[in-house]
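With PDB, C-alpha atoms inside, this is structure.pdb:
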MODEL        1
ATOM      1  CA  MET F  39     117.057  83.668 123.485
ATOM      2  CA  THR F  40     118.061  82.472 126.932
ATOM      3  CA  PRO F  41     115.785  80.092 128.886
ATOM      4  CA  LYS F  42     114.883  82.998 131.166
ATOM      5  CA  ALA F  43     113.955  85.196 128.189
ATOM      6  CA  LEU F  44     111.842  82.418 126.685
ATOM      7  CA  SER F  45     110.044  81.989 129.994
ATOM      8  CA  MET F  46     109.299  85.724 130.148
ATOM      9  CA  VAL F  47     107.842  85.637 126.627
ATOM     10  CA  ARG F  48     105.602  82.727 127.612
ATOM     11  CA  GLU F  49     104.338  84.686 130.624
ATOM     12  CA  LYS F  50     103.597  87.768 128.540
ATOM     13  CA  VAL F  51     101.821  85.748 125.846
ATOM     14  CA  ALA F  52      99.738  83.962 128.483
ATOM     15  CA  ALA F  53      98.285  87.385 129.328
ATOM     16  CA  PHE F  54      96.680  87.463 125.860
ATOM     17  CA  GLY F  55      93.967  85.310 127.437
ATOM     18  CA  GLU F  56      91.827  82.520 126.033
ATOM     19  CA  ALA F  57      88.732  82.373 123.853
ATOM     20  CA  GLY F  58      86.025  84.484 125.473
ATOM     21  CA  ASN F  59      88.525  85.967 127.915
ATOM     22  CA  VAL F  60      90.816  88.163 125.795
ATOM     23  CA  PRO F  61      91.268  91.557 127.505
ATOM     24  CA  ILE F  62      89.306  94.279 125.727
ATOM     25  CA  ALA F  63      92.170  96.699 126.435
ATOM     26  CA  LEU F  64      94.527  94.512 124.396
ATOM     27  CA  ALA F  65      92.094  94.367 121.476
ATOM     28  CA  GLN F  66      91.594  98.143 121.606
ATOM     29  CA  ASP F  67      95.316  98.839 121.689
ATOM     30  CA  LEU F  68      95.910  96.657 118.632
ATOM     31  CA  ILE F  69      93.147  98.384 116.663
ATOM     32  CA  LYS F  70      94.508 101.805 117.647
ATOM     33  CA  ALA F  71      97.898 100.724 116.278
ATOM     34  CA  SER F  72      96.628  99.261 113.022
ATOM     35  CA  ALA F  73      93.362 100.884 111.819
ATOM     36  CA  PHE F  74      93.772 103.328 108.905
ATOM     37  CA  TRP F  75      91.735 105.328 106.423
ATOM     38  CA  VAL F  76      93.333 104.495 103.069
ATOM     39  CA  ASP F  77      91.157 105.856 100.225
ATOM     40  CA  HIS F  78      90.914 109.555 101.003
ATOM     41  CA  PRO F  79      90.061 111.581  97.849
ATOM     42  CA  GLN F  80      93.357 113.461  98.185
ATOM     43  CA  GLY F  81      95.371 110.254  98.507
ATOM     44  CA  ILE F  82      95.987 110.739 102.208
ATOM     45  CA  ILE F  83      96.546 107.692 104.409
ATOM     46  CA  HIS F  84      96.065 108.366 108.088
ATOM     47  CA  PRO F  85      95.458 106.436 111.327
ATOM     48  CA  GLU F  86      91.937 105.819 112.581
ATOM     49  CA  PRO F  87      92.488 105.002 116.295
ATOM     50  CA  GLY F  88      88.840 105.826 117.005
ATOM     51  CA  TRP F  89      87.854 102.479 115.499
ATOM     52  CA  SER F  90      88.983 100.934 118.773
ATOM     53  CA  ASP F  91      85.735 102.244 120.283
ATOM     54  CA  ARG F  92      83.735 100.174 117.786
ATOM     55  CA  ILE F  93      84.910  96.778 119.009
ATOM     56  CA  GLU F  94      81.998  94.508 119.841
ATOM     57  CA  ARG F  95      81.503  90.921 120.948
ATOM     58  CA  GLY F  96      80.581  88.545 118.119
ATOM     59  CA  PRO F  97      80.478  84.798 117.409
ATOM     60  CA  HIS F  98      84.286  84.739 117.200
ATOM     61  CA  GLY F  99      84.964  87.030 120.154
ATOM     62  CA  TRP F 100      86.017  90.687 119.898
ATOM     63  CA  GLU F 101      85.480  92.033 116.382
ATOM     64  CA  VAL F 102      85.244  95.268 114.411
ATOM     65  CA  LYS F 103      82.778  95.711 111.544
ATOM     66  CA  PHE F 104      84.187  97.365 108.427
ATOM     67  CA  GLY F 105      81.395  97.638 105.877
ATOM     68  CA  ALA F 106      80.394  94.128 104.831
ATOM     69  CA  ASN F 107      83.294  92.474 106.663
ATOM     70  CA  TYR F 108      84.363  91.837 110.224
ATOM     71  CA  PHE F 109      87.953  91.940 111.424
ATOM     72  CA  LEU F 110      88.120  89.214 114.065
ATOM     73  CA  VAL F 111      90.592  90.890 116.383
ATOM     74  CA  GLU F 112      90.230  88.276 119.143
ATOM     75  CA  GLN F 113      90.850  85.455 116.687
ATOM     76  CA  ALA F 114      93.950  87.259 115.389
ATOM     77  CA  ILE F 115      95.267  87.669 118.937
ATOM     78  CA  LEU F 116      94.743  84.007 119.807
ATOM     79  CA  LEU F 117      96.220  82.764 116.526
ATOM     80  CA  CYS F 118      99.274  84.960 117.154
ATOM     81  CA  LYS F 119      99.544  83.622 120.705
ATOM     82  CA  ARG F 120      99.388  80.009 119.535
ATOM     83  CA  THR F 121     101.905  80.685 116.772
ATOM     84  CA  ILE F 122     104.424  82.392 119.064
ATOM     85  CA  LEU F 123     104.229  79.506 121.539
ATOM     86  CA  ASP F 124     104.571  77.035 118.669
ATOM     87  CA  GLU F 125     107.759  78.732 117.446
ATOM     88  CA  LEU F 126     109.159  78.853 120.988
ATOM     89  CA  ASP F 127     108.503  75.123 121.353
ATOM     90  CA  HIS F 128     110.096  74.389 117.985
ATOM     91  CA  ALA F 129     113.202  76.414 118.854
ATOM     92  CA  GLN F 130     113.608  74.635 122.188
ATOM     93  CA  LYS F 131     113.080  71.157 120.757
ATOM     94  CA  SER F 132     115.500  71.764 117.897
ATOM     95  CA  SER F 133     118.026  73.624 120.104
ATOM     96  CA  GLN F 134     118.007  76.371 117.484
ATOM     97  CA  PRO F 135     117.290  80.093 117.792
ATOM     98  CA  ILE F 136     113.846  81.338 116.782
ATOM     99  CA  ASP F 137     113.613  81.732 113.004
ATOM    100  CA  LYS F 138     112.807  85.451 112.807
ATOM    101  CA  LYS F 139     111.626  85.407 109.196
ATOM    102  CA  VAL F 140     109.342  82.418 109.722
ATOM    103  CA  LEU F 141     107.784  83.842 112.892
ATOM    104  CA  TYR F 142     107.091  87.202 111.257
ATOM    105  CA  GLY F 143     105.525  85.551 108.208
ATOM    106  CA  ARG F 144     103.376  83.278 110.341
ATOM    107  CA  LEU F 145     102.024  86.244 112.307
ATOM    108  CA  VAL F 146     101.108  87.963 109.042
ATOM    109  CA  THR F 147      99.099  84.848 108.177
ATOM    110  CA  CYS F 148      97.361  84.976 111.571
ATOM    111  CA  VAL F 149      96.026  88.457 110.783
ATOM    112  CA  ARG F 150      95.014  87.614 107.197
ATOM    113  CA  LYS F 151      93.083  84.569 108.441
ATOM    114  CA  SER F 152      91.038  86.691 110.875
ATOM    115  CA  VAL F 153      88.413  88.219 108.607
ATOM    116  CA  ALA F 154      84.780  87.159 108.239
ATOM    117  CA  ASP F 155      82.075  88.134 105.768
ATOM    118  CA  TYR F 156      78.685  89.677 106.556
ATOM    119  CA  SER F 157      77.377  86.295 107.788
ATOM    120  CA  HIS F 158      80.386  85.831 110.086
ATOM    121  CA  GLN F 159      81.868  83.115 107.854
ATOM    122  CA  PRO F 160      85.681  83.345 108.290
ATOM    123  CA  SER F 161      87.872  83.708 105.220
ATOM    124  CA  ASP F 162      90.626  81.153 104.663
ATOM    125  CA  TYR F 163      93.004  83.981 103.756
ATOM    126  CA  TYR F 164      91.832  87.567 103.192
ATOM    127  CA  LYS F 165      93.476  89.283 100.210
ATOM    128  CA  GLY F 166      91.670  92.613 100.453
ATOM    129  CA  GLY F 167      93.848  95.522  99.347
ATOM    130  CA  ALA F 168      95.907  93.529  96.868
ATOM    131  CA  SER F 169      95.994  94.099  93.135
ATOM    132  CA  PRO F 170      94.189  91.590  90.872
ATOM    133  CA  GLU F 171      97.581  90.325  89.698
ATOM    134  CA  LEU F 172      98.809  89.764  93.249
ATOM    135  CA  LYS F 173      95.569  88.058  94.260
ATOM    136  CA  ARG F 174      96.238  85.372  91.653
ATOM    137  CA  GLN F 175      99.627  84.563  93.165
ATOM    138  CA  LYS F 176     100.413  82.148  95.973
ATOM    139  CA  TRP F 177     100.509  83.813  99.362
ATOM    140  CA  TYR F 178     102.740  81.422 101.275
ATOM    141  CA  THR F 179     106.524  81.530 101.171
ATOM    142  CA  ALA F 180     108.611  78.776  99.614
ATOM    143  CA  ASP F 181     110.006  77.704 102.993
ATOM    144  CA  SER F 182     106.485  77.095 104.306
ATOM    145  CA  GLU F 183     105.806  74.357 101.764
ATOM    146  CA  THR F 184     106.350  70.623 101.929
ATOM    147  CA  PRO F 185     109.147  69.310  99.689
ATOM    148  CA  LEU F 186     108.217  68.117  96.216
ATOM    149  CA  PRO F 187     107.674  64.340  96.034
ATOM    150  CA  PRO F 188     110.344  62.103  94.479
ATOM    151  CA  LYS F 189     110.412  62.090  90.687
ATOM    152  CA  GLY F 190     107.673  59.893  89.275
ATOM    153  CA  LYS F 191     105.536  60.056  92.430
ATOM    154  CA  VAL F 192     102.146  61.735  92.627
ATOM    155  CA  GLY F 193     101.862  64.794  94.851
ATOM    156  CA  PHE F 194     102.360  68.550  95.080
ATOM    157  CA  ALA F 195     104.166  71.084  97.215
ATOM    158  CA  GLY F 196     101.668  72.813  99.490
ATOM    159  CA  PRO F 197     101.678  74.370 102.957
ATOM    160  CA  ASP F 198     103.496  72.144 105.435
ATOM    161  CA  LYS F 199     100.680  71.305 107.878
ATOM    162  CA  MET F 200     102.948  69.112 110.004
ATOM    163  CA  ARG F 201     105.276  72.040 110.695
ATOM    164  CA  TYR F 202     102.965  75.052 110.660
ATOM    165  CA  GLY F 203      99.417  73.852 111.163
ATOM    166  CA  SER F 204      96.977  76.412 109.753
ATOM    167  CA  THR F 205      99.382  79.397 109.811
ATOM    168  CA  PRO F 206     102.290  78.884 107.383
ATOM    169  CA  PRO F 207     104.472  81.979 106.878
ATOM    170  CA  SER F 208     103.179  84.471 104.304
ATOM    171  CA  ASN F 209     105.090  86.182 101.549
ATOM    172  CA  ASP F 210     106.371  89.605 102.605
ATOM    173  CA  VAL F 211     103.992  91.440 100.235
ATOM    174  CA  TRP F 212     101.026  90.542 102.463
ATOM    175  CA  LYS F 213     102.225  92.636 105.414
ATOM    176  CA  GLY F 214     100.642  95.804 103.981
ATOM    177  CA  PHE F 215      97.115  97.189 104.201
ATOM    178  CA  MET F 216      94.246  94.724 104.501
ATOM    179  CA  LYS F 217      91.478  96.848 102.989
ATOM    180  CA  PHE F 218      87.751  96.975 103.728
ATOM    181  CA  GLY F 219      86.422  99.679 101.436
ATOM    182  CA  VAL F 220      88.013 102.981 102.500
ATOM    183  CA  HIS F 221      89.320 101.547 105.774
ATOM    184  CA  ALA F 222      92.084  99.049 106.444
ATOM    185  CA  ILE F 223      94.062  97.150 109.010
ATOM    186  CA  GLN F 224      97.796  97.631 108.584
ATOM    187  CA  VAL F 225      98.986  94.067 109.023
ATOM    188  CA  GLU F 226     102.559  95.064 109.810
ATOM    189  CA  GLY F 227     101.392  97.496 112.507
ATOM    190  CA  PHE F 228      99.250  94.830 114.135
ATOM    191  CA  VAL F 229     102.059  92.249 114.061
ATOM    192  CA  GLU F 230     104.687  94.606 115.449
ATOM    193  CA  ARG F 231     102.386  95.612 118.310
ATOM    194  CA  ILE F 232     101.842  91.925 119.104
ATOM    195  CA  TRP F 233     105.626  91.514 119.238
ATOM    196  CA  GLN F 234     105.911  94.360 121.709
ATOM    197  CA  PHE F 235     103.244  92.893 123.988
ATOM    198  CA  ALA F 236     104.944  89.479 123.776
ATOM    199  CA  GLY F 237     108.333  90.941 124.681
ATOM    200  CA  LEU F 238     109.935  89.475 121.547
ATOM    201  CA  GLN F 239     113.144  91.392 121.070
ATOM    202  CA  ILE F 240     113.840  90.106 117.591
ATOM    203  CA  GLU F 241     114.155  91.766 114.203
ATOM    204  CA  LYS F 242     112.085  91.000 111.146
TER     205      LYS F 242
ENDMDL
END
Go through the file and emit its structure as structure tokens.
Amino acid sequence: MTPKALSMVREKVAAFGEAGNVPIALAQDLIKASAFWVDHPQGIIHPEPGWSDRIERGPHGWEVKFGANYFLVEQAILLCKRTILDELDHAQKSSQPIDKKVLYGRLVTCVRKSVADYSHQPSDYYKGGASPELKRQKWYTADSETPLPPKGKVGFAGPDKMRYGSTPPSNDVWKGFMKFGVHAIQVEGFVERIWQFAGLQIEK
């Protein structure tokens, strides 16, 4: 992206607001784009844009209650904002183009980290909607991990906190439906709408 294009993205992302000041219209638009009914008796999956009217203010900002869980839409927005700016900074400092795959995966993580239980305790990474087999697997991609230590040294390959902070890129399988009973947030739909608002003209 050109310096001018990067500057425009920064301006658009700044409009996402700050904690306690995220526009309700932005939160509503994102829920309209990503809320679905997924367990219809006839196997039908269809949008549930009306859930945007159920957004309320909670301990973590704008949120939507789905059964025993809360989707922390404001937290997801702010994590996405921080992540986009982080990737823009990294690209500029390294004089490299934005890594499209990494950015997309990191935004998936932002959404999956924005769920709280009935007591408003946030989940480290929400796996709702995944099969039991998938839930046992690692959710971060190989390129989000720190290198293995030299042979004979103690250590392990885990998320690279120095590079990604708390939002390493997720495996592609986690972009699907994040389920809460019969309702769900389509992670991919949420992420792609964020991209549109940010003016990021890049492909996954």
Which residues of segment 109-168 of chain F come within 10 Å of segment 62-67 of chain F, and what is each one's closest atom pair and distance in Å (one decimal), counting all atoms listed in the file, sorted by chain and residue number, as a tab-separated table?
residue	atom	partner	partner_atom	distance
F:Leu110	CA	F:Ala65	CA	9.9
F:Val111	CA	F:Ala65	CA	6.3
F:Glu112	CA	F:Ala65	CA	6.8
F:Ala114	CA	F:Ala65	CA	9.5
F:Ile115	CA	F:Ala65	CA	7.8
Since we have the selection now, will you write its residues out, keeping C-alpha atoms, as a short mmCIF file (atom, residue, chain, number, x, y, z; two decimals), in the coordinates of the input?
data_model
loop_
_atom_site.label_atom_id
_atom_site.label_comp_id
_atom_site.auth_asym_id
_atom_site.auth_seq_id
_atom_site.Cartn_x
_atom_site.Cartn_y
_atom_site.Cartn_z
CA LEU F 110 88.12 89.21 114.06
CA VAL F 111 90.59 90.89 116.38
CA GLU F 112 90.23 88.28 119.14
CA ALA F 114 93.95 87.26 115.39
CA ILE F 115 95.27 87.67 118.94
#
**Item:** Explicit residues for the PyMOL selection byres ((chain F and resi 138-143) around 8) (as a PyMOL selection string)
**Value:** chain F and resi 121-122+125+136-137+144-147+206-210+229+240-242
**Request:** Evaluate the PyMOL selection byres ((chain F and resi 45-59) around 9) here and jot the selected residues down as a list in words.
**Result:** Thr40, Pro41, Lys42, Ala43, Leu44, Val60, Pro61, Ile62, Leu64, His98, Gly99, Trp100, Glu112, Gln113, Ile115, Leu116, Lys119, Arg120, Ile122, Leu123, Leu126, Phe235, Ala236, Gly237 and Leu238 of chain F
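You will find atom CA of Leu117 of chain F at 17.4 Å from atom CA of His158 of chain F.
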**Request:** Just the residues within 9 Å of Val76 of chain F, please, counting all atoms listed in the file, with nothing from its chain fewer than 2 positions along; format it as an MDAnalysis selection string.
**Result:** chainID F and resid 74 78 81:85 215 217 219:222
Selection under test: the PyMOL selection byres ((chain F and resi 216) around 9); residues as a compact mmCIF listing (two decimals) with C-alpha atoms, in the frame of the given file:
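Here's the written file result21.txt:
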# COMPACT_ATOMS: atom_id res chain seq x y z
CA ARG F 150 95.01 87.61 107.20
CA TYR F 164 91.83 87.57 103.19
CA LYS F 165 93.48 89.28 100.21
CA GLY F 166 91.67 92.61 100.45
CA GLY F 167 93.85 95.52 99.35
CA ALA F 168 95.91 93.53 96.87
CA TRP F 212 101.03 90.54 102.46
CA LYS F 213 102.22 92.64 105.41
CA GLY F 214 100.64 95.80 103.98
CA PHE F 215 97.12 97.19 104.20
CA LYS F 217 91.48 96.85 102.99
CA PHE F 218 87.75 96.98 103.73
CA HIS F 221 89.32 101.55 105.77
CA ALA F 222 92.08 99.05 106.44
CA ILE F 223 94.06 97.15 109.01
CA GLN F 224 97.80 97.63 108.58
CA VAL F 225 98.99 94.07 109.02
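In this model, the gap between atom CA of Val102 of chain F and atom CA of Asp124 of chain F comes to 26.9 Å.
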**Request:** Using only C-alpha atoms, determine which residues lie at most 6 Å from Asn107 of chain F, disregarding the query and same-chain residues fewer than 2 positions distant; provide the list as a VMD selection string.
**Result:** chain F and resid 103 to 105 154 to 156
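Residue nearest Met200 of chain F, chosen from F:Arg92, F:Arg231, F:Lys176, F:His128 and counting all atoms listed in the file: F:His128.
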**Request:** Place a sphere of radius 8 Å on (102.2, 102.1, 112.2) in the file coordinates and name every protein, DNA or RNA residue with an atom inside or on its surface, counting all atoms listed in the file; give the answer as a list in words.
**Result:**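 Residues satisfying the cut-off, written out: Ala71, Ser72, Gln224, Glu226 and Gly227 of chain F.
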**Prompt:** What would the list of residues within 9 Å of (89.0, 79.1, 110.9) (file frame) look like as a VMD selection string, if all atoms listed in the file are what count?
**Reply:** chain F and resid 113 151 to 152 159 to 162 204
**Complete:** The residue from F:Pro170, F:Cys118, F:Asp127, F:Gly96 with the smallest atom-to-atom distance to Ser157 of chain F, counting all atoms listed in the file, is F:Gly96
**Prompt:** By how many Å are atom CA of Cys148 of chain F and atom CA of Trp177 of chain F apart?
**Reply:**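 Atom CA of Cys148 of chain F sits 12.7 Å away from atom CA of Trp177 of chain F.
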**Message:** Measuring between all atoms listed in the file, which one of F:Pro197, F:Val153, F:Ser169, F:Glu101 shows the shortest distance to Ser182 of chain F?
**Reply:**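 The shortest atom-to-atom distance to Ser182 of chain F comes from F:Pro197.
Take the candidates F:Pro97, F:Pro87, F:Pro135, F:Gly196 and check each one against Ala180 of chain F using all atoms listed in the file; the shortest distance goes to F:Gly196.
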